[in-house]
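Asks: The structure file data.txt (compact mmCIF, N, CA and C atoms) is provided below.
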# COMPACT_ATOMS: atom_id res chain seq x y z
N GLN A 1175 0.84 -1.19 0.00
CA GLN A 1175 0.00 0.00 0.00
C GLN A 1175 0.88 1.24 0.00
N MET A 1176 0.55 2.17 -0.88
CA MET A 1176 1.32 3.40 -0.95
C MET A 1176 0.85 4.36 0.14
N GLN A 1177 1.80 5.01 0.78
CA GLN A 1177 1.49 6.07 1.74
C GLN A 1177 2.15 7.36 1.27
N LEU A 1178 1.41 8.45 1.40
CA LEU A 1178 1.90 9.77 1.01
C LEU A 1178 1.85 10.70 2.22
N VAL A 1179 2.93 11.43 2.44
CA VAL A 1179 2.99 12.37 3.56
C VAL A 1179 3.46 13.72 3.06
N GLU A 1180 2.60 14.73 3.23
CA GLU A 1180 2.94 16.08 2.83
C GLU A 1180 3.65 16.81 3.97
N SER A 1181 4.50 17.76 3.59
CA SER A 1181 5.16 18.62 4.57
C SER A 1181 5.50 19.94 3.89
N GLY A 1182 5.87 20.92 4.71
CA GLY A 1182 6.32 22.20 4.18
C GLY A 1182 5.31 23.32 4.25
N GLY A 1183 4.11 23.01 4.70
CA GLY A 1183 3.11 24.06 4.83
C GLY A 1183 3.44 25.00 5.99
N GLY A 1184 2.66 26.09 6.05
CA GLY A 1184 2.88 27.04 7.14
C GLY A 1184 2.20 28.36 6.85
N LEU A 1185 2.57 29.36 7.67
CA LEU A 1185 2.03 30.71 7.53
C LEU A 1185 3.05 31.58 6.83
N VAL A 1186 2.63 32.28 5.79
CA VAL A 1186 3.54 33.12 5.03
C VAL A 1186 2.81 34.38 4.58
N GLN A 1187 3.56 35.46 4.41
CA GLN A 1187 2.96 36.71 3.93
C GLN A 1187 2.78 36.67 2.42
N ALA A 1188 1.79 37.38 1.95
CA ALA A 1188 1.55 37.47 0.52
C ALA A 1188 2.81 37.94 -0.21
N GLY A 1189 3.06 37.32 -1.35
CA GLY A 1189 4.23 37.65 -2.14
C GLY A 1189 5.42 36.76 -1.89
N ASN A 1190 5.37 36.03 -0.80
CA ASN A 1190 6.49 35.14 -0.45
C ASN A 1190 6.30 33.75 -1.06
N SER A 1191 7.22 32.84 -0.71
CA SER A 1191 7.24 31.51 -1.32
C SER A 1191 7.22 30.41 -0.27
N LEU A 1192 6.77 29.25 -0.69
CA LEU A 1192 6.84 28.04 0.11
C LEU A 1192 7.10 26.87 -0.83
N ARG A 1193 7.74 25.84 -0.31
CA ARG A 1193 7.89 24.61 -1.08
C ARG A 1193 7.29 23.46 -0.29
N LEU A 1194 6.31 22.83 -0.89
CA LEU A 1194 5.70 21.64 -0.28
C LEU A 1194 6.40 20.38 -0.79
N SER A 1195 6.48 19.39 0.08
CA SER A 1195 7.02 18.09 -0.29
C SER A 1195 5.98 17.02 -0.06
N CYS A 1196 6.06 15.98 -0.86
CA CYS A 1196 5.18 14.82 -0.72
C CYS A 1196 6.07 13.59 -0.79
N ALA A 1197 6.28 12.96 0.35
CA ALA A 1197 7.13 11.78 0.43
C ALA A 1197 6.29 10.52 0.33
N ALA A 1198 6.70 9.64 -0.57
CA ALA A 1198 5.97 8.38 -0.79
C ALA A 1198 6.73 7.23 -0.14
N SER A 1199 5.97 6.26 0.34
CA SER A 1199 6.55 5.03 0.88
C SER A 1199 5.64 3.87 0.51
N GLY A 1200 6.22 2.70 0.49
CA GLY A 1200 5.45 1.50 0.19
C GLY A 1200 5.39 1.15 -1.29
N ARG A 1201 5.63 2.12 -2.14
CA ARG A 1201 5.64 1.91 -3.59
C ARG A 1201 6.68 2.82 -4.21
N THR A 1202 7.08 2.51 -5.43
CA THR A 1202 8.06 3.31 -6.14
C THR A 1202 7.35 4.45 -6.87
N LEU A 1203 7.70 5.67 -6.50
CA LEU A 1203 7.03 6.85 -7.04
C LEU A 1203 7.13 6.93 -8.56
N SER A 1204 8.19 6.41 -9.12
CA SER A 1204 8.42 6.54 -10.56
C SER A 1204 7.35 5.85 -11.40
N ASN A 1205 6.55 4.99 -10.82
CA ASN A 1205 5.50 4.29 -11.53
C ASN A 1205 4.15 5.01 -11.49
N TYR A 1206 4.14 6.23 -10.91
CA TYR A 1206 2.89 6.92 -10.66
C TYR A 1206 2.86 8.31 -11.28
N ALA A 1207 1.72 8.65 -11.84
CA ALA A 1207 1.42 10.05 -12.14
C ALA A 1207 1.01 10.69 -10.82
N MET A 1208 1.37 11.94 -10.64
CA MET A 1208 1.18 12.61 -9.35
C MET A 1208 0.43 13.92 -9.52
N GLY A 1209 -0.21 14.34 -8.45
CA GLY A 1209 -0.93 15.60 -8.52
C GLY A 1209 -0.98 16.31 -7.18
N TRP A 1210 -1.20 17.60 -7.23
CA TRP A 1210 -1.48 18.42 -6.04
C TRP A 1210 -2.87 18.99 -6.17
N PHE A 1211 -3.62 18.89 -5.10
CA PHE A 1211 -4.95 19.46 -5.01
C PHE A 1211 -5.00 20.34 -3.76
N ARG A 1212 -5.99 21.20 -3.68
CA ARG A 1212 -6.11 22.05 -2.49
C ARG A 1212 -7.58 22.29 -2.15
N GLN A 1213 -7.82 22.52 -0.88
CA GLN A 1213 -9.17 22.78 -0.41
C GLN A 1213 -9.17 23.98 0.52
N ALA A 1214 -9.79 25.05 0.06
CA ALA A 1214 -9.91 26.26 0.85
C ALA A 1214 -11.09 26.13 1.82
N PRO A 1215 -11.08 26.91 2.88
CA PRO A 1215 -12.18 26.84 3.85
C PRO A 1215 -13.54 27.07 3.19
N GLY A 1216 -14.48 26.15 3.42
CA GLY A 1216 -15.81 26.30 2.88
C GLY A 1216 -15.96 25.99 1.41
N LYS A 1217 -14.89 25.50 0.80
CA LYS A 1217 -14.94 25.19 -0.63
C LYS A 1217 -14.61 23.74 -0.90
N GLU A 1218 -14.94 23.28 -2.09
CA GLU A 1218 -14.60 21.92 -2.47
C GLU A 1218 -13.12 21.85 -2.86
N ARG A 1219 -12.60 20.64 -2.76
CA ARG A 1219 -11.21 20.43 -3.16
C ARG A 1219 -11.08 20.67 -4.67
N GLU A 1220 -9.97 21.32 -5.05
CA GLU A 1220 -9.76 21.64 -6.45
C GLU A 1220 -8.36 21.26 -6.89
N PHE A 1221 -8.23 21.06 -8.18
CA PHE A 1221 -6.96 20.71 -8.78
C PHE A 1221 -6.01 21.90 -8.80
N ALA A 1222 -4.70 21.62 -8.58
CA ALA A 1222 -3.68 22.67 -8.67
C ALA A 1222 -2.64 22.34 -9.74
N ALA A 1223 -2.07 21.13 -9.69
CA ALA A 1223 -0.99 20.80 -10.62
C ALA A 1223 -0.85 19.28 -10.71
N THR A 1224 -0.32 18.83 -11.85
CA THR A 1224 -0.09 17.41 -12.03
C THR A 1224 1.19 17.20 -12.83
N ILE A 1225 1.82 16.03 -12.64
CA ILE A 1225 3.05 15.71 -13.33
C ILE A 1225 3.04 14.24 -13.73
N SER A 1226 3.46 13.98 -14.96
CA SER A 1226 3.51 12.61 -15.43
C SER A 1226 4.78 11.91 -14.95
N ARG A 1227 4.87 10.65 -15.25
CA ARG A 1227 6.07 9.90 -14.89
C ARG A 1227 7.30 10.47 -15.58
N SER A 1228 7.11 10.97 -16.79
CA SER A 1228 8.23 11.50 -17.56
C SER A 1228 8.53 12.96 -17.26
N GLY A 1229 7.69 13.60 -16.43
CA GLY A 1229 7.96 14.98 -16.04
C GLY A 1229 7.12 16.02 -16.75
N ASP A 1230 6.20 15.61 -17.60
CA ASP A 1230 5.29 16.57 -18.21
C ASP A 1230 4.37 17.13 -17.14
N THR A 1231 4.06 18.42 -17.26
CA THR A 1231 3.27 19.08 -16.21
C THR A 1231 2.06 19.81 -16.79
N TYR A 1232 1.10 20.03 -15.91
CA TYR A 1232 -0.11 20.76 -16.29
C TYR A 1232 -0.62 21.46 -15.04
N TYR A 1233 -1.08 22.72 -15.20
CA TYR A 1233 -1.47 23.52 -14.04
C TYR A 1233 -2.87 24.10 -14.20
N ALA A 1234 -3.50 24.32 -13.07
CA ALA A 1234 -4.73 25.09 -13.06
C ALA A 1234 -4.39 26.53 -13.43
N ASP A 1235 -5.32 27.21 -14.07
CA ASP A 1235 -5.08 28.59 -14.48
C ASP A 1235 -4.75 29.48 -13.28
N SER A 1236 -5.33 29.16 -12.13
CA SER A 1236 -5.15 29.99 -10.95
C SER A 1236 -3.73 29.97 -10.39
N VAL A 1237 -2.95 28.96 -10.74
CA VAL A 1237 -1.59 28.86 -10.21
C VAL A 1237 -0.53 28.90 -11.30
N LYS A 1238 -0.94 28.87 -12.55
CA LYS A 1238 0.01 28.84 -13.67
C LYS A 1238 0.92 30.06 -13.63
N GLY A 1239 2.21 29.81 -13.80
CA GLY A 1239 3.17 30.90 -13.78
C GLY A 1239 3.70 31.23 -12.40
N ARG A 1240 3.05 30.73 -11.35
CA ARG A 1240 3.48 30.98 -9.97
C ARG A 1240 3.93 29.70 -9.27
N PHE A 1241 3.29 28.59 -9.58
CA PHE A 1241 3.61 27.31 -8.95
C PHE A 1241 4.38 26.42 -9.93
N ALA A 1242 5.22 25.56 -9.38
CA ALA A 1242 5.96 24.60 -10.20
C ALA A 1242 5.97 23.25 -9.51
N ILE A 1243 5.48 22.25 -10.21
CA ILE A 1243 5.48 20.89 -9.68
C ILE A 1243 6.69 20.16 -10.22
N SER A 1244 7.30 19.32 -9.39
CA SER A 1244 8.46 18.55 -9.82
C SER A 1244 8.51 17.25 -9.03
N ARG A 1245 9.39 16.37 -9.46
CA ARG A 1245 9.52 15.10 -8.78
C ARG A 1245 10.97 14.66 -8.78
N ASP A 1246 11.35 13.96 -7.72
CA ASP A 1246 12.68 13.36 -7.61
C ASP A 1246 12.45 11.89 -7.32
N ASN A 1247 12.45 11.10 -8.37
CA ASN A 1247 12.13 9.68 -8.20
C ASN A 1247 13.17 8.95 -7.33
N ALA A 1248 14.40 9.41 -7.37
CA ALA A 1248 15.44 8.78 -6.55
C ALA A 1248 15.15 8.95 -5.07
N LYS A 1249 14.47 10.05 -4.73
CA LYS A 1249 14.12 10.32 -3.34
C LYS A 1249 12.69 9.92 -3.03
N ASN A 1250 11.98 9.41 -4.06
CA ASN A 1250 10.57 9.03 -3.89
C ASN A 1250 9.74 10.20 -3.36
N THR A 1251 10.02 11.37 -3.89
CA THR A 1251 9.40 12.59 -3.38
C THR A 1251 8.96 13.50 -4.53
N MET A 1252 7.82 14.15 -4.31
CA MET A 1252 7.31 15.15 -5.24
C MET A 1252 7.27 16.50 -4.52
N TYR A 1253 7.35 17.58 -5.32
CA TYR A 1253 7.41 18.91 -4.73
C TYR A 1253 6.40 19.84 -5.40
N LEU A 1254 6.06 20.89 -4.67
CA LEU A 1254 5.30 21.99 -5.25
C LEU A 1254 5.94 23.28 -4.77
N GLN A 1255 6.64 23.95 -5.68
CA GLN A 1255 7.22 25.25 -5.38
C GLN A 1255 6.16 26.31 -5.63
N MET A 1256 5.84 27.07 -4.59
CA MET A 1256 4.79 28.08 -4.70
C MET A 1256 5.40 29.46 -4.50
N ASN A 1257 5.36 30.26 -5.53
CA ASN A 1257 5.90 31.61 -5.50
C ASN A 1257 4.79 32.64 -5.62
N SER A 1258 5.10 33.87 -5.26
CA SER A 1258 4.14 34.97 -5.37
C SER A 1258 2.79 34.58 -4.76
N LEU A 1259 2.86 34.07 -3.56
CA LEU A 1259 1.64 33.57 -2.93
C LEU A 1259 0.65 34.69 -2.65
N LYS A 1260 -0.63 34.32 -2.76
CA LYS A 1260 -1.73 35.26 -2.55
C LYS A 1260 -2.62 34.75 -1.42
N PRO A 1261 -3.36 35.62 -0.76
CA PRO A 1261 -4.27 35.14 0.29
C PRO A 1261 -5.24 34.08 -0.21
N GLU A 1262 -5.63 34.16 -1.46
CA GLU A 1262 -6.56 33.16 -2.02
C GLU A 1262 -5.92 31.79 -2.24
N ASP A 1263 -4.61 31.68 -2.02
CA ASP A 1263 -3.94 30.38 -2.06
C ASP A 1263 -4.06 29.65 -0.73
N THR A 1264 -4.61 30.31 0.27
CA THR A 1264 -4.80 29.67 1.57
C THR A 1264 -5.71 28.45 1.43
N ALA A 1265 -5.19 27.30 1.88
CA ALA A 1265 -5.91 26.04 1.73
C ALA A 1265 -5.12 24.92 2.39
N VAL A 1266 -5.77 23.78 2.51
CA VAL A 1266 -5.06 22.54 2.82
C VAL A 1266 -4.64 21.94 1.48
N TYR A 1267 -3.37 21.62 1.37
CA TYR A 1267 -2.82 21.08 0.13
C TYR A 1267 -2.62 19.59 0.28
N TYR A 1268 -3.12 18.84 -0.71
CA TYR A 1268 -3.03 17.39 -0.71
C TYR A 1268 -2.23 16.90 -1.91
N CYS A 1269 -1.40 15.90 -1.69
CA CYS A 1269 -0.78 15.24 -2.83
C CYS A 1269 -1.51 13.94 -3.10
N ALA A 1270 -1.45 13.51 -4.35
CA ALA A 1270 -2.18 12.33 -4.78
C ALA A 1270 -1.38 11.58 -5.83
N ALA A 1271 -1.62 10.27 -5.91
CA ALA A 1271 -0.87 9.43 -6.83
C ALA A 1271 -1.81 8.47 -7.56
N ARG A 1272 -1.47 8.23 -8.83
CA ARG A 1272 -2.22 7.26 -9.62
C ARG A 1272 -1.23 6.40 -10.37
N TYR A 1273 -1.34 5.10 -10.18
CA TYR A 1273 -0.46 4.19 -10.91
C TYR A 1273 -0.69 4.36 -12.40
N SER A 1274 0.40 4.44 -13.17
CA SER A 1274 0.27 4.66 -14.60
C SER A 1274 1.28 3.83 -15.37
N THR A 1275 0.78 3.15 -16.42
CA THR A 1275 1.69 2.40 -17.29
C THR A 1275 2.25 3.31 -18.39
N GLY A 1276 1.63 4.46 -18.57
CA GLY A 1276 2.07 5.39 -19.59
C GLY A 1276 2.99 6.45 -19.02
N SER A 1277 4.09 6.70 -19.68
CA SER A 1277 5.05 7.67 -19.18
C SER A 1277 4.55 9.11 -19.25
N TYR A 1278 3.65 9.38 -20.20
CA TYR A 1278 3.24 10.76 -20.44
C TYR A 1278 1.86 11.08 -19.86
N TYR A 1279 1.28 10.15 -19.15
CA TYR A 1279 -0.06 10.34 -18.62
C TYR A 1279 -0.03 11.26 -17.41
N TYR A 1280 -0.96 12.21 -17.38
CA TYR A 1280 -1.24 12.97 -16.18
C TYR A 1280 -2.72 13.34 -16.20
N THR A 1281 -3.24 13.75 -15.06
CA THR A 1281 -4.67 14.05 -15.00
C THR A 1281 -4.97 15.10 -13.94
N ASP A 1282 -5.99 15.89 -14.22
CA ASP A 1282 -6.47 16.89 -13.26
C ASP A 1282 -7.77 16.43 -12.59
N LYS A 1283 -8.14 15.18 -12.83
CA LYS A 1283 -9.40 14.64 -12.32
C LYS A 1283 -9.19 13.99 -10.96
N GLU A 1284 -9.81 14.53 -9.95
CA GLU A 1284 -9.64 14.04 -8.58
C GLU A 1284 -9.99 12.56 -8.48
N TYR A 1285 -11.06 12.12 -9.15
CA TYR A 1285 -11.54 10.76 -9.00
C TYR A 1285 -10.59 9.73 -9.61
N GLU A 1286 -9.63 10.18 -10.40
CA GLU A 1286 -8.71 9.24 -11.03
C GLU A 1286 -7.52 8.91 -10.12
N TYR A 1287 -7.40 9.59 -9.02
CA TYR A 1287 -6.29 9.33 -8.09
C TYR A 1287 -6.76 8.36 -7.00
N ARG A 1288 -5.93 7.36 -6.76
CA ARG A 1288 -6.30 6.36 -5.78
C ARG A 1288 -5.68 6.62 -4.41
N HIS A 1289 -4.48 7.19 -4.40
CA HIS A 1289 -3.75 7.37 -3.16
C HIS A 1289 -3.66 8.85 -2.81
N TRP A 1290 -3.91 9.15 -1.52
CA TRP A 1290 -3.94 10.54 -1.07
C TRP A 1290 -3.18 10.69 0.24
N GLY A 1291 -2.55 11.85 0.40
CA GLY A 1291 -1.96 12.20 1.68
C GLY A 1291 -2.99 12.84 2.59
N GLN A 1292 -2.55 13.18 3.79
CA GLN A 1292 -3.45 13.75 4.79
C GLN A 1292 -3.56 15.27 4.66
N GLY A 1293 -2.68 15.88 3.92
CA GLY A 1293 -2.75 17.31 3.70
C GLY A 1293 -1.83 18.12 4.60
N THR A 1294 -1.47 19.29 4.10
CA THR A 1294 -0.67 20.24 4.87
C THR A 1294 -1.28 21.63 4.69
N GLN A 1295 -1.37 22.38 5.79
CA GLN A 1295 -2.05 23.68 5.75
C GLN A 1295 -1.10 24.76 5.25
N VAL A 1296 -1.59 25.54 4.31
CA VAL A 1296 -0.88 26.73 3.84
C VAL A 1296 -1.78 27.94 4.10
N THR A 1297 -1.25 28.90 4.82
CA THR A 1297 -2.00 30.11 5.12
C THR A 1297 -1.19 31.32 4.65
N VAL A 1298 -1.82 32.13 3.81
CA VAL A 1298 -1.15 33.31 3.26
C VAL A 1298 -1.86 34.55 3.80
N SER A 1299 -1.10 35.35 4.53
CA SER A 1299 -1.67 36.56 5.11
C SER A 1299 -1.45 37.76 4.19
N SER A 1300 -2.37 38.69 4.25
CA SER A 1300 -2.27 39.87 3.37
C SER A 1300 -1.49 40.99 4.03
Kindly return the structure encoded in the file as structure tokens.
Replies:
Amino acid sequence: QMQLVESGGGLVQAGNSLRLSCAASGRTLSNYAMGWFRQAPGKEREFAATISRSGDTYYADSVKGRFAISRDNAKNTMYLQMNSLKPEDTAVYYCAARYSTGSYYYTDKEYEYRHWGQGTQVTVSS
């Protein structure tokens, strides 16, 4: 069974940066397409970014140009570099994994991910 653990969240002022990490155990990360989702207070969880096994990426319009998703398969870890943070980025951030036989597959569909972390809180003050 794959386990995912997020870290790196915290309180930051608008305009600053944070880097989230998602450490995987129990399975080899290189076999999985990965994604970051977030859930703001009172809102449904939404897609933020996804990365294929080969490193292809896709972003939600709300974070494009500010966030960067990456992966280090040797460390079994995925990252989300968040720059130019805004108060509206405040949310619990979740990482997710989907086993994929295709190197170029990625998805922004929440229901396609089988494995989820517990989330890490990001709070951006104005």
Asks: When you look at Ser1274 (chain A) with a cut-off of 9 Å (counting only C-alpha atoms), what residues show up, excluding the ones that are within fewer than 2 positions of it in the same chain? I need them as an MDAnalysis selection string.
Replies: chainID A and resid 1205:1207 1226:1227 1272 1276:1280
Asks: Calculated over all atoms listed in the file, which of the candidates A:Trp1290, A:Tyr1253, A:Tyr1233, A:Tyr1273 has the smallest distance to Phe1221 (chain A)?
Replies: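 Distance minimum relative to Phe1221 (chain A) lands on A:Tyr1233.
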Asks: Quick one: DSSP strand (DSSP E) residues in region 1188-1287 of chain A, as a count of residues only?
Replies: 46
Asks: Can you tell me which residues surround Gln1255 (chain A) at a distance of at most 6 Å, considering all atoms listed in the file, apart from same-chain residues fewer than 6 positions away, and format the answer as a PyMOL selection string?
Replies: chain A and resi 1192-1194+1240-1244
Asks: For Tyr1287 (chain A), which of A:Ser1299, A:Ala1270, A:Cys1196, A:Arg1201 is the closest residue, counting only N, CA and C atoms?
Replies: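 Smallest separation from Tyr1287 (chain A) among the options: A:Ala1270.
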Asks: Put a box with edges along x, y and z around all the listed atoms of region 1225-1230 of chain A, pad it by 8 Å on each side, then give me its centre and sizes in Å, one decimal, as lines of an AutoDock Vina configuration file.
Replies:
center_x = 5.2
center_y = 13.5
center_z = -15.4
size_x = 22.7
size_y = 23.2
size_z = 21.6
Asks: Would you mind telling me which residue in A:Ala1198, A:Ala1271, A:Val1237, A:Leu1259 lies nearest to Lys1283 (chain A) when using only C-alpha atoms?
Replies: A:Ala1271
Asks: Hey, which of A:Gly1209, A:Pro1215, A:Pro1261, A:Gly1182 ends up closest to Asp1282 (chain A)? Count only C-alpha atoms.
Replies: A:Gly1209
Asks: Please, what distance in Å, to one decimal, runs between CA of Ala1188 (chain A) and CA of Asp1246 (chain A)?
Replies: 27.8 Å
Asks: Quote the spacing between CA of Val1186 (chain A) and CA of Ala1223 (chain A) in Å to one decimal place.
Replies: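 Distance reported for this atom pair: 20.4 Å.
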Asks: Figure out the distance between CA of Ser1199 (chain A) and atom N of Gly1293 (chain A), please, to one decimal in Å.
Replies: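 One can read the atom N of Gly1293 (chain A) to CA of Ser1199 (chain A) distance as 14.6 Å.
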Asks: Going by DSSP on the backbone, which residues of chain A come out as helix (DSSP H, G or I)? List them as a list of chain:residue names.
Replies: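 Matching residues, listed in order: A:Leu1203, A:Ser1204, A:Asn1205, A:Asn1247, A:Ala1248, A:Lys1249, A:Pro1261, A:Glu1262, A:Asp1263, A:Glu1284, A:Tyr1285, A:Glu1286.
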Asks: Convert the current residue selection to file output with N, CA and C atoms, as a PDB file, in the frame of the given file.
Replies:
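Saved result, part.pdb, follows:
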ATOM      1  N   LEU A1203       7.700   5.670  -6.500  1.00  0.00           N
ATOM      2  CA  LEU A1203       7.030   6.850  -7.040  1.00  0.00           C
ATOM      3  C   LEU A1203       7.130   6.930  -8.560  1.00  0.00           C
ATOM      4  N   SER A1204       8.190   6.410  -9.120  1.00  0.00           N
ATOM      5  CA  SER A1204       8.420   6.540 -10.560  1.00  0.00           C
ATOM      6  C   SER A1204       7.350   5.850 -11.400  1.00  0.00           C
ATOM      7  N   ASN A1205       6.550   4.990 -10.820  1.00  0.00           N
ATOM      8  CA  ASN A1205       5.500   4.290 -11.530  1.00  0.00           C
ATOM      9  C   ASN A1205       4.150   5.010 -11.490  1.00  0.00           C
ATOM     10  N   ASN A1247      12.450  11.100  -8.370  1.00  0.00           N
ATOM     11  CA  ASN A1247      12.130   9.680  -8.200  1.00  0.00           C
ATOM     12  C   ASN A1247      13.170   8.950  -7.330  1.00  0.00           C
ATOM     13  N   ALA A1248      14.400   9.410  -7.370  1.00  0.00           N
ATOM     14  CA  ALA A1248      15.440   8.780  -6.550  1.00  0.00           C
ATOM     15  C   ALA A1248      15.150   8.950  -5.070  1.00  0.00           C
ATOM     16  N   LYS A1249      14.470  10.050  -4.730  1.00  0.00           N
ATOM     17  CA  LYS A1249      14.120  10.320  -3.340  1.00  0.00           C
ATOM     18  C   LYS A1249      12.690   9.920  -3.030  1.00  0.00           C
ATOM     19  N   PRO A1261      -3.360  35.620  -0.760  1.00  0.00           N
ATOM     20  CA  PRO A1261      -4.270  35.140   0.290  1.00  0.00           C
ATOM     21  C   PRO A1261      -5.240  34.080  -0.210  1.00  0.00           C
ATOM     22  N   GLU A1262      -5.630  34.160  -1.460  1.00  0.00           N
ATOM     23  CA  GLU A1262      -6.560  33.160  -2.020  1.00  0.00           C
ATOM     24  C   GLU A1262      -5.920  31.790  -2.240  1.00  0.00           C
ATOM     25  N   ASP A1263      -4.610  31.680  -2.020  1.00  0.00           N
ATOM     26  CA  ASP A1263      -3.940  30.380  -2.060  1.00  0.00           C
ATOM     27  C   ASP A1263      -4.060  29.650  -0.730  1.00  0.00           C
ATOM     28  N   GLU A1284      -9.810  14.530  -9.950  1.00  0.00           N
ATOM     29  CA  GLU A1284      -9.640  14.040  -8.580  1.00  0.00           C
ATOM     30  C   GLU A1284      -9.990  12.560  -8.480  1.00  0.00           C
ATOM     31  N   TYR A1285     -11.060  12.120  -9.150  1.00  0.00           N
ATOM     32  CA  TYR A1285     -11.540  10.760  -9.000  1.00  0.00           C
ATOM     33  C   TYR A1285     -10.590   9.730  -9.610  1.00  0.00           C
ATOM     34  N   GLU A1286      -9.630  10.180 -10.400  1.00  0.00           N
ATOM     35  CA  GLU A1286      -8.710   9.240 -11.030  1.00  0.00           C
ATOM     36  C   GLU A1286      -7.520   8.910 -10.120  1.00  0.00           C
TER      37      GLU A1286
END
Asks: Starting from the point (-1.1, 16.9, 4.3), work out which residues of protein, DNA or RNA have an atom no more than 8 Å away when counting all atoms listed in the file; state them as an NGL selection string.
Replies: :A and (1178-1181 or 1266-1269 or 1290-1295)
Asks: Could region 1179-1192 of chain A be completed with N, CA, C and O atoms and written as a PDB file, in the coordinates of the input, please?
Replies:
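Result file follows (out-v6.pdb):
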ATOM      1  N   VAL A1179       2.930  11.430   2.440  1.00  0.00           N
ATOM      2  CA  VAL A1179       2.990  12.370   3.560  1.00  0.00           C
ATOM      3  C   VAL A1179       3.460  13.720   3.060  1.00  0.00           C
ATOM      4  O   VAL A1179       4.580  13.845   2.546  1.00  0.00           O
ATOM      5  N   GLU A1180       2.600  14.730   3.230  1.00  0.00           N
ATOM      6  CA  GLU A1180       2.940  16.080   2.830  1.00  0.00           C
ATOM      7  C   GLU A1180       3.650  16.810   3.970  1.00  0.00           C
ATOM      8  O   GLU A1180       3.407  16.540   5.145  1.00  0.00           O
ATOM      9  N   SER A1181       4.500  17.760   3.590  1.00  0.00           N
ATOM     10  CA  SER A1181       5.160  18.620   4.570  1.00  0.00           C
ATOM     11  C   SER A1181       5.500  19.940   3.890  1.00  0.00           C
ATOM     12  O   SER A1181       5.441  20.051   2.661  1.00  0.00           O
ATOM     13  N   GLY A1182       5.870  20.920   4.710  1.00  0.00           N
ATOM     14  CA  GLY A1182       6.320  22.200   4.180  1.00  0.00           C
ATOM     15  C   GLY A1182       5.310  23.320   4.250  1.00  0.00           C
ATOM     16  O   GLY A1182       5.616  24.457   3.893  1.00  0.00           O
ATOM     17  N   GLY A1183       4.110  23.010   4.700  1.00  0.00           N
ATOM     18  CA  GLY A1183       3.110  24.060   4.830  1.00  0.00           C
ATOM     19  C   GLY A1183       3.440  25.000   5.990  1.00  0.00           C
ATOM     20  O   GLY A1183       4.351  24.768   6.765  1.00  0.00           O
ATOM     21  N   GLY A1184       2.660  26.090   6.050  1.00  0.00           N
ATOM     22  CA  GLY A1184       2.880  27.040   7.140  1.00  0.00           C
ATOM     23  C   GLY A1184       2.200  28.360   6.850  1.00  0.00           C
ATOM     24  O   GLY A1184       1.378  28.474   5.948  1.00  0.00           O
ATOM     25  N   LEU A1185       2.570  29.360   7.670  1.00  0.00           N
ATOM     26  CA  LEU A1185       2.030  30.710   7.530  1.00  0.00           C
ATOM     27  C   LEU A1185       3.050  31.580   6.830  1.00  0.00           C
ATOM     28  O   LEU A1185       4.219  31.627   7.249  1.00  0.00           O
ATOM     29  N   VAL A1186       2.630  32.280   5.790  1.00  0.00           N
ATOM     30  CA  VAL A1186       3.540  33.120   5.030  1.00  0.00           C
ATOM     31  C   VAL A1186       2.810  34.380   4.580  1.00  0.00           C
ATOM     32  O   VAL A1186       1.590  34.365   4.423  1.00  0.00           O
ATOM     33  N   GLN A1187       3.560  35.460   4.410  1.00  0.00           N
ATOM     34  CA  GLN A1187       2.960  36.710   3.930  1.00  0.00           C
ATOM     35  C   GLN A1187       2.780  36.670   2.420  1.00  0.00           C
ATOM     36  O   GLN A1187       3.546  36.004   1.704  1.00  0.00           O
ATOM     37  N   ALA A1188       1.790  37.380   1.950  1.00  0.00           N
ATOM     38  CA  ALA A1188       1.550  37.470   0.520  1.00  0.00           C
ATOM     39  C   ALA A1188       2.810  37.940  -0.210  1.00  0.00           C
ATOM     40  O   ALA A1188       3.531  38.820   0.284  1.00  0.00           O
ATOM     41  N   GLY A1189       3.060  37.320  -1.350  1.00  0.00           N
ATOM     42  CA  GLY A1189       4.230  37.650  -2.140  1.00  0.00           C
ATOM     43  C   GLY A1189       5.420  36.760  -1.890  1.00  0.00           C
ATOM     44  O   GLY A1189       6.368  36.748  -2.694  1.00  0.00           O
ATOM     45  N   ASN A1190       5.370  36.030  -0.800  1.00  0.00           N
ATOM     46  CA  ASN A1190       6.490  35.140  -0.450  1.00  0.00           C
ATOM     47  C   ASN A1190       6.300  33.750  -1.060  1.00  0.00           C
ATOM     48  O   ASN A1190       5.337  33.514  -1.806  1.00  0.00           O
ATOM     49  N   SER A1191       7.220  32.840  -0.710  1.00  0.00           N
ATOM     50  CA  SER A1191       7.240  31.510  -1.320  1.00  0.00           C
ATOM     51  C   SER A1191       7.220  30.410  -0.270  1.00  0.00           C
ATOM     52  O   SER A1191       7.614  30.633   0.890  1.00  0.00           O
ATOM     53  N   LEU A1192       6.770  29.250  -0.690  1.00  0.00           N
ATOM     54  CA  LEU A1192       6.840  28.040   0.110  1.00  0.00           C
ATOM     55  C   LEU A1192       7.100  26.870  -0.830  1.00  0.00           C
ATOM     56  O   LEU A1192       6.699  26.921  -2.008  1.00  0.00           O
TER      57      LEU A1192
END
